[in-house]
$ cat model01.cif   # mmCIF, C-alpha atoms
data_model
#
loop_
_atom_site.label_atom_id
_atom_site.label_comp_id
_atom_site.auth_asym_id
_atom_site.auth_seq_id
_atom_site.Cartn_x
_atom_site.Cartn_y
_atom_site.Cartn_z
CA MET A 28 -150.26 -84.97 -35.53
CA SER A 29 -148.54 -84.44 -32.18
CA ILE A 30 -145.21 -86.15 -31.45
CA LYS A 31 -146.93 -88.19 -28.73
CA LYS A 32 -149.59 -89.46 -31.13
CA LYS A 33 -146.99 -90.24 -33.80
CA ILE A 34 -145.02 -92.35 -31.36
CA PHE A 35 -148.19 -94.09 -30.15
CA MET A 36 -149.30 -94.98 -33.69
CA LEU A 37 -145.80 -96.14 -34.69
CA ASN A 38 -145.60 -98.39 -31.62
CA LYS A 39 -149.06 -99.78 -32.40
CA LEU A 40 -148.00 -100.56 -35.98
CA ILE A 41 -144.84 -102.34 -34.79
CA TRP A 42 -146.88 -104.20 -32.16
CA ASP A 43 -149.35 -105.47 -34.78
CA PHE A 44 -146.54 -106.86 -36.93
CA LYS A 45 -144.64 -108.42 -34.05
CA ARG A 46 -147.71 -110.29 -32.78
CA GLY A 47 -147.90 -112.33 -35.96
CA LYS A 48 -150.87 -114.28 -37.28
CA ILE A 49 -151.69 -116.34 -34.20
CA PHE A 50 -151.19 -114.43 -30.96
CA TYR A 51 -153.66 -116.40 -28.85
CA ARG A 52 -153.96 -120.16 -28.59
CA ILE A 53 -157.56 -121.38 -28.76
CA ALA A 54 -158.63 -123.50 -25.80
CA ASP A 55 -158.95 -127.22 -26.38
CA VAL A 56 -162.23 -127.50 -24.43
CA VAL A 57 -165.04 -125.00 -25.02
CA SER A 58 -168.14 -126.89 -23.89
CA SER A 59 -167.64 -128.71 -20.56
CA GLN A 60 -169.62 -127.70 -17.48
CA LYS A 61 -166.37 -127.33 -15.57
CA LEU A 62 -164.73 -124.10 -16.74
CA GLY A 63 -161.02 -124.33 -17.38
CA GLU A 64 -159.05 -122.39 -19.93
CA TYR A 65 -160.71 -119.31 -21.36
CA TYR A 66 -161.59 -119.49 -25.08
CA PHE A 67 -158.39 -117.61 -25.88
CA VAL A 68 -155.57 -118.76 -23.62
CA PHE A 69 -154.01 -115.63 -22.13
CA ASP A 70 -150.42 -115.97 -20.98
CA GLU A 71 -149.79 -114.01 -17.77
CA GLU A 72 -146.20 -113.15 -18.64
CA ARG A 73 -147.22 -111.72 -22.03
CA VAL A 74 -150.08 -109.68 -20.60
CA ARG A 75 -147.93 -108.27 -17.79
CA ALA A 76 -145.22 -107.34 -20.30
CA GLY A 77 -147.74 -105.30 -22.32
CA LYS A 78 -147.50 -107.60 -25.33
CA ASP A 79 -151.27 -108.14 -25.37
CA GLN A 80 -152.46 -105.09 -23.42
CA ALA A 81 -150.30 -102.08 -24.24
CA LEU A 82 -152.32 -99.68 -22.07
CA ILE A 83 -151.51 -101.45 -18.78
CA SER A 84 -148.99 -99.25 -17.02
CA SER A 85 -149.34 -99.89 -13.29
CA TYR A 86 -150.98 -102.02 -10.60
CA ASP A 87 -152.70 -101.26 -7.33
CA GLU A 88 -151.77 -102.80 -3.96
CA ASN A 89 -153.77 -105.96 -4.79
CA GLY A 90 -152.14 -106.49 -8.17
CA ILE A 91 -155.15 -105.19 -10.12
CA PRO A 92 -153.98 -103.45 -13.30
CA LEU A 93 -154.46 -99.75 -13.97
CA ASN A 94 -154.77 -98.51 -17.54
CA LYS A 95 -153.50 -95.40 -19.22
CA THR A 96 -156.32 -93.52 -20.94
CA TYR A 97 -156.84 -93.55 -24.71
CA ILE A 98 -154.60 -91.41 -26.89
CA ASP A 99 -157.42 -88.96 -27.67
CA VAL A 100 -158.31 -88.32 -24.02
CA SER A 101 -156.76 -85.00 -23.05
CA LYS A 102 -156.80 -85.54 -19.30
CA GLU A 103 -154.30 -88.27 -18.51
CA LYS A 104 -154.87 -90.52 -15.54
CA LEU A 105 -154.73 -94.15 -14.54
CA VAL A 106 -158.09 -95.90 -14.52
CA TYR A 107 -159.58 -99.23 -13.60
CA PHE A 108 -160.65 -100.75 -16.93
CA PRO A 109 -162.90 -103.78 -16.33
CA ILE A 110 -162.15 -105.37 -19.72
CA THR A 111 -158.41 -105.31 -19.07
CA ILE A 112 -158.83 -106.40 -15.46
CA GLY A 113 -160.78 -109.38 -16.77
CA GLN A 114 -158.06 -110.31 -19.25
CA MET A 115 -155.35 -110.14 -16.61
CA GLY A 116 -157.49 -112.13 -14.20
CA LEU A 117 -158.03 -114.85 -16.79
CA ALA A 118 -154.27 -114.90 -17.45
CA VAL A 119 -153.63 -115.38 -13.72
CA TYR A 120 -156.23 -118.18 -13.71
CA GLN A 121 -154.36 -119.83 -16.59
CA THR A 122 -151.21 -119.73 -14.47
CA TYR A 123 -153.11 -121.42 -11.64
CA LEU A 124 -154.33 -124.14 -14.00
CA LYS A 125 -150.70 -124.88 -14.87
CA THR A 126 -149.23 -124.71 -11.37
CA GLN A 127 -152.15 -125.74 -9.12
CA ASP A 128 -150.43 -123.50 -6.58
CA GLN A 129 -152.65 -122.01 -3.87
CA ARG A 130 -150.76 -118.72 -4.16
CA ASP A 131 -151.80 -118.39 -7.79
CA LEU A 132 -155.41 -119.22 -6.90
CA ASP A 133 -155.31 -116.60 -4.15
CA MET A 134 -154.03 -114.05 -6.67
CA PHE A 135 -156.83 -114.93 -9.07
CA LEU A 136 -159.43 -114.57 -6.34
CA LYS A 137 -158.32 -110.98 -5.82
CA PHE A 138 -159.65 -110.30 -9.32
CA ALA A 139 -162.94 -112.01 -8.49
CA GLU A 140 -163.16 -109.91 -5.33
CA TRP A 141 -162.50 -106.75 -7.34
CA PHE A 142 -165.51 -107.53 -9.53
CA LEU A 143 -167.54 -108.43 -6.46
CA GLN A 144 -166.74 -105.14 -4.75
CA ASN A 145 -166.87 -102.78 -7.72
CA GLY A 146 -170.12 -103.69 -9.46
CA MET A 147 -172.92 -101.13 -9.50
CA ASP A 148 -176.04 -102.94 -8.31
CA ASP A 149 -179.34 -101.64 -9.69
CA ASP A 150 -182.86 -102.95 -9.05
CA LYS A 151 -183.67 -102.80 -12.76
CA LEU A 152 -180.34 -103.38 -14.52
CA GLY A 153 -178.67 -105.88 -12.22
CA VAL A 154 -174.93 -105.48 -11.62
CA ARG A 155 -172.82 -103.48 -14.07
CA TRP A 156 -169.15 -102.52 -14.13
CA LEU A 157 -168.77 -99.00 -15.47
CA THR A 158 -165.63 -97.61 -17.07
CA ASP A 159 -164.92 -94.04 -16.00
CA VAL A 160 -163.03 -92.69 -19.01
CA PRO A 161 -164.30 -90.56 -21.92
CA LEU A 162 -164.85 -91.98 -25.41
CA PRO A 163 -164.31 -88.90 -27.61
CA ALA A 164 -164.61 -90.89 -30.86
CA TYR A 165 -168.16 -91.88 -29.88
CA ARG A 166 -169.03 -88.65 -28.05
CA ASN A 167 -169.51 -90.36 -24.72
CA LEU A 168 -167.97 -88.48 -21.80
CA GLY A 169 -168.36 -91.50 -19.52
CA PRO A 170 -168.76 -93.42 -17.38
CA TRP A 171 -170.15 -96.15 -19.66
CA GLN A 172 -171.39 -99.71 -19.39
CA SER A 173 -170.05 -102.43 -21.70
CA ALA A 174 -171.21 -105.90 -22.72
CA PHE A 175 -167.55 -106.87 -23.02
CA ALA A 176 -166.91 -105.81 -19.41
CA GLN A 177 -170.02 -107.71 -18.27
CA SER A 178 -168.78 -110.80 -20.07
CA ARG A 179 -165.31 -110.65 -18.55
CA ALA A 180 -166.83 -110.26 -15.08
CA ILE A 181 -169.03 -113.32 -15.61
CA SER A 182 -166.07 -115.42 -16.78
CA ILE A 183 -163.98 -114.42 -13.75
CA LEU A 184 -166.78 -114.80 -11.20
CA LEU A 185 -167.87 -118.24 -12.41
CA ARG A 186 -164.33 -119.62 -12.32
CA ALA A 187 -164.02 -118.26 -8.78
CA TYR A 188 -167.37 -119.87 -7.92
CA GLN A 189 -166.26 -123.27 -9.16
CA ALA A 190 -162.91 -122.97 -7.35
CA THR A 191 -164.42 -121.93 -4.00
CA GLU A 192 -168.14 -122.81 -4.10
CA LYS A 193 -168.81 -119.30 -2.80
CA GLN A 194 -172.42 -118.66 -3.83
CA GLU A 195 -172.05 -114.88 -3.98
CA TYR A 196 -169.84 -115.19 -7.04
CA ALA A 197 -172.57 -117.06 -8.92
CA LYS A 198 -175.29 -114.67 -7.75
CA VAL A 199 -173.44 -111.60 -8.98
CA ALA A 200 -172.60 -113.35 -12.28
CA GLU A 201 -176.32 -113.98 -12.77
CA LYS A 202 -177.10 -110.34 -12.04
CA ALA A 203 -174.56 -109.43 -14.73
CA LEU A 204 -176.86 -111.02 -17.33
CA VAL A 205 -179.61 -108.47 -16.76
CA SER A 206 -178.05 -105.61 -18.75
CA PHE A 207 -178.00 -107.87 -21.82
CA GLN A 208 -181.79 -107.61 -21.76
CA TYR A 209 -181.94 -103.82 -22.05
CA SER A 210 -181.05 -101.38 -24.79
CA VAL A 211 -178.21 -98.91 -24.39
CA SER A 212 -180.71 -96.05 -24.07
CA GLU A 213 -182.26 -97.84 -21.08
CA GLY A 214 -178.88 -98.34 -19.40
CA GLY A 215 -178.24 -101.78 -20.87
CA VAL A 216 -175.66 -103.00 -23.37
CA VAL A 217 -177.72 -103.94 -26.44
CA SER A 218 -178.26 -102.20 -29.76
CA TYR A 219 -181.12 -103.75 -31.69
CA THR A 220 -180.10 -104.01 -35.34
CA GLU A 221 -181.29 -105.51 -38.59
CA TRP A 222 -179.01 -108.47 -37.85
CA GLY A 223 -180.39 -109.04 -34.36
CA PRO A 224 -179.31 -107.86 -30.87
CA PHE A 225 -175.74 -106.55 -30.95
CA TYR A 226 -173.86 -106.51 -27.65
CA GLU A 227 -171.96 -103.25 -27.40
CA GLU A 228 -168.36 -103.01 -26.24
CA TYR A 229 -168.67 -99.21 -26.23
CA THR A 230 -172.05 -97.69 -25.44
CA ALA A 231 -173.03 -94.29 -26.82
CA SER A 232 -176.05 -92.32 -28.00
CA VAL A 233 -175.72 -94.09 -31.36
CA PRO A 234 -174.96 -97.75 -32.14
CA VAL A 235 -171.18 -98.26 -32.24
CA LEU A 236 -171.22 -101.96 -33.21
CA VAL A 237 -167.65 -103.17 -32.61
CA LEU A 238 -167.40 -106.70 -34.01
CA ASN A 239 -164.75 -108.12 -31.69
CA GLY A 240 -166.54 -106.66 -28.65
CA HIS A 241 -169.80 -108.39 -29.56
CA ILE A 242 -168.10 -111.76 -30.03
CA PHE A 243 -166.08 -111.50 -26.82
CA SER A 244 -169.34 -110.67 -25.05
CA LEU A 245 -170.74 -114.01 -26.14
CA PHE A 246 -168.02 -115.89 -24.27
CA GLY A 247 -169.23 -114.82 -20.83
CA LEU A 248 -172.79 -115.76 -21.77
CA LEU A 249 -171.58 -119.16 -22.92
CA ASP A 250 -169.62 -119.62 -19.68
CA PHE A 251 -172.81 -119.02 -17.69
CA HIS A 252 -174.76 -121.45 -19.84
CA ARG A 253 -172.04 -124.08 -19.44
CA VAL A 254 -172.04 -123.81 -15.64
CA PHE A 255 -175.83 -123.52 -15.30
CA PRO A 256 -177.31 -125.27 -18.37
CA GLU A 257 -180.81 -125.21 -16.84
CA GLN A 258 -180.79 -121.38 -16.71
CA LYS A 259 -182.54 -120.30 -19.91
CA THR A 260 -181.64 -116.60 -19.99
CA ALA A 261 -177.94 -117.02 -20.71
CA LYS A 262 -178.63 -119.71 -23.31
CA THR A 263 -181.10 -117.50 -25.17
CA LEU A 264 -178.85 -114.43 -25.01
CA PHE A 265 -175.96 -116.47 -26.37
CA GLU A 266 -177.93 -118.11 -29.17
CA VAL A 267 -179.47 -114.89 -30.49
CA GLY A 268 -176.05 -113.25 -30.26
CA VAL A 269 -174.54 -115.99 -32.41
CA GLU A 270 -177.24 -115.44 -35.03
CA THR A 271 -176.32 -111.75 -35.03
CA VAL A 272 -172.71 -112.69 -35.84
CA LEU A 273 -173.77 -114.90 -38.74
CA ASN A 274 -176.11 -112.21 -40.08
CA CYS A 275 -173.73 -109.27 -39.76
CA LEU A 276 -170.56 -110.68 -41.35
CA PRO A 277 -171.39 -109.57 -44.93
CA SER A 278 -171.80 -105.99 -43.69
CA PHE A 279 -168.43 -106.12 -41.93
CA ASP A 280 -166.65 -107.22 -45.11
CA LEU A 281 -165.20 -104.36 -47.18
CA GLY A 282 -164.24 -106.65 -50.07
CA TYR A 283 -160.54 -106.25 -49.32
CA TRP A 284 -160.54 -106.15 -45.49
CA SER A 285 -162.86 -106.26 -42.48
CA ARG A 286 -164.43 -103.32 -40.68
CA TYR A 287 -163.50 -102.60 -37.08
CA ASN A 288 -167.05 -101.46 -36.40
CA TYR A 289 -170.23 -100.39 -38.18
CA CYS A 290 -171.04 -97.04 -36.61
CA GLN A 291 -173.37 -95.13 -38.96
CA ALA A 292 -173.53 -91.84 -37.01
CA ASP A 293 -173.25 -88.63 -39.04
CA PHE A 294 -170.11 -87.62 -37.14
CA TYR A 295 -168.38 -90.97 -37.68
CA PRO A 296 -166.31 -91.88 -40.78
CA THR A 297 -168.16 -94.00 -43.34
CA ILE A 298 -165.37 -96.57 -43.42
CA ASP A 299 -163.31 -97.51 -40.37
CA PRO A 300 -161.28 -100.61 -41.28
CA ALA A 301 -159.71 -102.92 -38.76
CA THR A 302 -156.01 -102.56 -38.13
CA LEU A 303 -153.86 -105.53 -39.10
CA GLY A 304 -154.03 -106.76 -35.51
CA TYR A 305 -157.82 -106.57 -35.44
CA GLN A 306 -158.12 -108.22 -38.87
CA ARG A 307 -156.20 -111.16 -37.46
CA LEU A 308 -158.20 -111.04 -34.22
CA HIS A 309 -161.45 -111.19 -36.22
CA ILE A 310 -160.19 -114.34 -37.92
CA LEU A 311 -159.23 -115.95 -34.61
CA LEU A 312 -162.57 -115.03 -33.05
CA LEU A 313 -164.46 -116.64 -35.92
CA LYS A 314 -162.34 -119.75 -35.48
CA VAL A 315 -163.35 -119.91 -31.83
CA MET A 316 -166.99 -119.43 -32.77
CA ASN A 317 -166.71 -122.18 -35.36
CA LYS A 318 -165.28 -124.51 -32.72
CA ILE A 319 -168.24 -123.74 -30.48
CA ARG A 320 -170.81 -124.05 -33.25
CA THR A 321 -169.74 -125.13 -36.72
CA SER A 322 -171.09 -122.96 -39.51
CA GLU A 323 -170.41 -122.71 -43.23
CA ILE A 324 -170.83 -118.94 -42.93
CA LEU A 325 -168.06 -118.74 -40.34
CA VAL A 326 -165.77 -120.91 -42.46
CA LYS A 327 -166.46 -118.70 -45.47
CA TYR A 328 -165.40 -115.52 -43.68
CA ILE A 329 -162.44 -117.15 -41.94
CA ASN A 330 -161.07 -118.11 -45.35
CA ARG A 331 -162.08 -114.82 -46.96
CA TRP A 332 -160.46 -112.62 -44.32
CA GLU A 333 -157.34 -114.78 -44.18
CA ASN A 334 -156.95 -114.43 -47.96
CA GLN A 335 -157.37 -110.65 -47.71
CA VAL A 336 -154.18 -110.27 -45.66
CA HIS A 337 -151.59 -109.39 -48.29
CA PRO A 338 -149.54 -106.22 -48.92
CA LEU A 339 -151.83 -104.40 -51.38
CA ASN A 340 -154.92 -104.87 -49.22
CA TYR A 341 -152.96 -103.93 -46.13
CA MET A 342 -151.83 -100.68 -47.74
CA LYS A 343 -155.37 -99.88 -48.87
CA SER A 344 -156.87 -100.60 -45.45
CA SER A 345 -154.12 -98.60 -43.73
CA TRP A 346 -154.85 -95.56 -45.88
CA HIS A 347 -158.58 -95.72 -45.06
CA LYS A 348 -157.74 -96.28 -41.39
CA TYR A 349 -155.53 -93.18 -41.43
CA LEU A 350 -158.38 -91.13 -42.94
CA ALA A 351 -160.81 -92.45 -40.35
CA LEU A 352 -158.51 -91.70 -37.42
CA LYS A 353 -157.70 -88.24 -38.79
CA SER A 354 -161.39 -87.35 -39.15
CA LEU A 355 -161.91 -88.40 -35.51
CA ASN A 356 -158.92 -86.31 -34.40
CA ARG A 357 -157.23 -89.41 -33.01
CA ILE A 358 -154.03 -88.68 -34.94
#
$ encode --input "model01.cif" --output "structure tokens"
Amino acid sequence: MSIKKKIFMLNKLIWDFKRGKIFYRIADVVSSQKLGEYYFVFDEERVRAGKDQALISSYDENGIPLNKTYIDVSKEKLVYFPITIGQMGLAVYQTYLKTQDQRDLDMFLKFAEWFLQNGMDDDKLGVRWLTDVPLPAYRNLGPWQSAFAQSRAISILLRAYQATEKQEYAKVAEKALVSFQYSVSEGGVVSYTEWGPFYEEYTASVPVLVLNGHIFSLFGLLDFHRVFPEQKTAKTLFEVGVETVLNCLPSFDLGYWSRYNYCQADFYPTIDPATLGYQRLHILLLKVMNKIRTSEILVKYINRWENQVHPLNYMKSSWHKYLALKSLNRI
């Protein structure tokens, strides 16, 4: 392992422990037609300090964050990463909700404008925001589309629409739904699985199936349904995506910990456990889902995964995570 990778992994381990059990507050309101707080309340100061997004290292002239590339990408550069841009934008919006200051709203609208200006519009696939960075672990050289990125764009654009009544924001948000109706091989963001349609955070030639990415993707769909309840597409996409969550949870349970993803490609490790931070994030995400739609299945896995977090299981999961990362040449 290179010195750089050792330092990166050590910092990530320390970061996971320092974040604690509850690093995001869950929004009080998750169903009103007027969008307010995002489902996880992102604090702008924390995000800017790198406490929630360690890869943010710089900003452009409009205050849009630039990410460092992943540790296993040999060519280093700063990139626009739509998922991170969405998180920062939602954090800025949270600041505006607290201050009601026009300057904070103006800052938030710069994020909405970034999504407006940087979407790739396609007659078949609607508007997509591509990430131009390789994914060596999944053998995707990039650029790649992402359901998570689509979701973040929708959440930003619809809040901007409600704040300004600018119709273009709503129109582009609706176009962002289109890729949820196509498989990855067709240029969309869906892998069709035994559990149902799985919305891919990372698209590749094989299903990657990252659990947190699928659930985060549902939040943008729900935002659209909340704002436009008469629009059936978003409602259907959300509802079938929820069923996928309920169906897939047993497969994501290792008995002692949760899986980060369920990639079954020949080149991918058989077991890739979540890190401690992602184990806790999975629990928080299921709590949000259970607030949106109460389910005994969700409660079961919330309790199960909370009870799994103790030293012996952590050591076991960390060993398997090390083996997985080593086989992928990420450490």
$ resolve_selection --input "model01.cif" --expression "the PyMOL selection byres ((chain A and resi 171) around 12)" --output "VMD selection string"
chain A and resid 108 to 109 147 155 to 162 165 to 170 172 to 177 211 to 212 214 to 216 227 to 232
$ atom_distance --input "model01.cif" --atom1 "atom CA of Glu140 of chain A" --atom2 "atom CA of Gly63 of chain A"
18.9 Å
$ resolve_selection --input "model01.cif" --expression "the PyMOL selection byres ((chain A and resi 314-328) around 10)" --output "PyMOL selection string"
chain A and resi 52-58+66-67+242-243+245-246+249+269+272-274+276-277+280+285+308-313+329-334
$ closest_residue --input "model01.cif" --among "A:Leu303, A:Val74, A:Val154, A:Ala197" --to "Met115 of chain A" --atoms "all atoms listed in the file"
A:Val74
$ resolve_selection --input "model01.cif" --expression "the PyMOL selection byres ((chain A and resi 131) around 12)" --output "PDB file with C-alpha atoms, in the frame of the given file"
ATOM      1  CA  GLU A  71    -149.790-114.010 -17.770  1.00  0.00           C
ATOM      2  CA  GLY A  90    -152.140-106.490  -8.170  1.00  0.00           C
ATOM      3  CA  GLY A 116    -157.490-112.130 -14.200  1.00  0.00           C
ATOM      4  CA  LEU A 117    -158.030-114.850 -16.790  1.00  0.00           C
ATOM      5  CA  ALA A 118    -154.270-114.900 -17.450  1.00  0.00           C
ATOM      6  CA  VAL A 119    -153.630-115.380 -13.720  1.00  0.00           C
ATOM      7  CA  TYR A 120    -156.230-118.180 -13.710  1.00  0.00           C
ATOM      8  CA  GLN A 121    -154.360-119.830 -16.590  1.00  0.00           C
ATOM      9  CA  THR A 122    -151.210-119.730 -14.470  1.00  0.00           C
ATOM     10  CA  TYR A 123    -153.110-121.420 -11.640  1.00  0.00           C
ATOM     11  CA  LEU A 124    -154.330-124.140 -14.000  1.00  0.00           C
ATOM     12  CA  LYS A 125    -150.700-124.880 -14.870  1.00  0.00           C
ATOM     13  CA  THR A 126    -149.230-124.710 -11.370  1.00  0.00           C
ATOM     14  CA  GLN A 127    -152.150-125.740  -9.120  1.00  0.00           C
ATOM     15  CA  ASP A 128    -150.430-123.500  -6.580  1.00  0.00           C
ATOM     16  CA  GLN A 129    -152.650-122.010  -3.870  1.00  0.00           C
ATOM     17  CA  ARG A 130    -150.760-118.720  -4.160  1.00  0.00           C
ATOM     18  CA  LEU A 132    -155.410-119.220  -6.900  1.00  0.00           C
ATOM     19  CA  ASP A 133    -155.310-116.600  -4.150  1.00  0.00           C
ATOM     20  CA  MET A 134    -154.030-114.050  -6.670  1.00  0.00           C
ATOM     21  CA  PHE A 135    -156.830-114.930  -9.070  1.00  0.00           C
ATOM     22  CA  LEU A 136    -159.430-114.570  -6.340  1.00  0.00           C
ATOM     23  CA  LYS A 137    -158.320-110.980  -5.820  1.00  0.00           C
ATOM     24  CA  PHE A 138    -159.650-110.300  -9.320  1.00  0.00           C
TER      25      PHE A 138
END
$ closest_residue --input "model01.cif" --among "A:Val237, A:Leu93, A:Ala81, A:Ala203" --to "Ser182 of chain A" --atoms "all atoms listed in the file"
A:Ala203
$ closest_residue --input "model01.cif" --among "A:Trp141, A:Thr260, A:Glu270, A:Ala164" --to "Lys353 of chain A" --atoms "all atoms listed in the file"
A:Ala164
$ atom_distance --input "model01.cif" --atom1 "atom CA of Phe251 of chain A" --atom2 "atom CA of Glu192 of chain A"
14.9 Å
$ residues_around --input "model01.cif" --residues "Leu152 of chain A" --least-positions-apart "2" --cutoff "6 Å" --atoms "only C-alpha atoms" --output "VMD selection string"
chain A and resid 149 205 to 206
$ residues_around --input "model01.cif" --residues "Phe265 of chain A" --least-positions-apart "3" --cutoff "6 Å" --atoms "only C-alpha atoms" --output "MDAnalysis selection string"
chainID A and resid 245 248 262 268
$ atom_distance --input "model01.cif" --atom1 "atom CA of Lys61 of chain A" --atom2 "atom CA of His252 of chain A"
11.1 Å
$ residues_around --input "model01.cif" --residues "Tyr295 of chain A" --least-positions-apart "2" --cutoff "10 Å" --atoms "all atoms listed in the file" --output "ChimeraX atom specification"
/A:164-166,235,289-293,297-299,351-352,354-355
$ closest_residue --input "model01.cif" --among "A:Arg307, A:Arg73, A:Lys348, A:Arg179" --to "Gly247 of chain A" --atoms "all atoms listed in the file"
A:Arg179
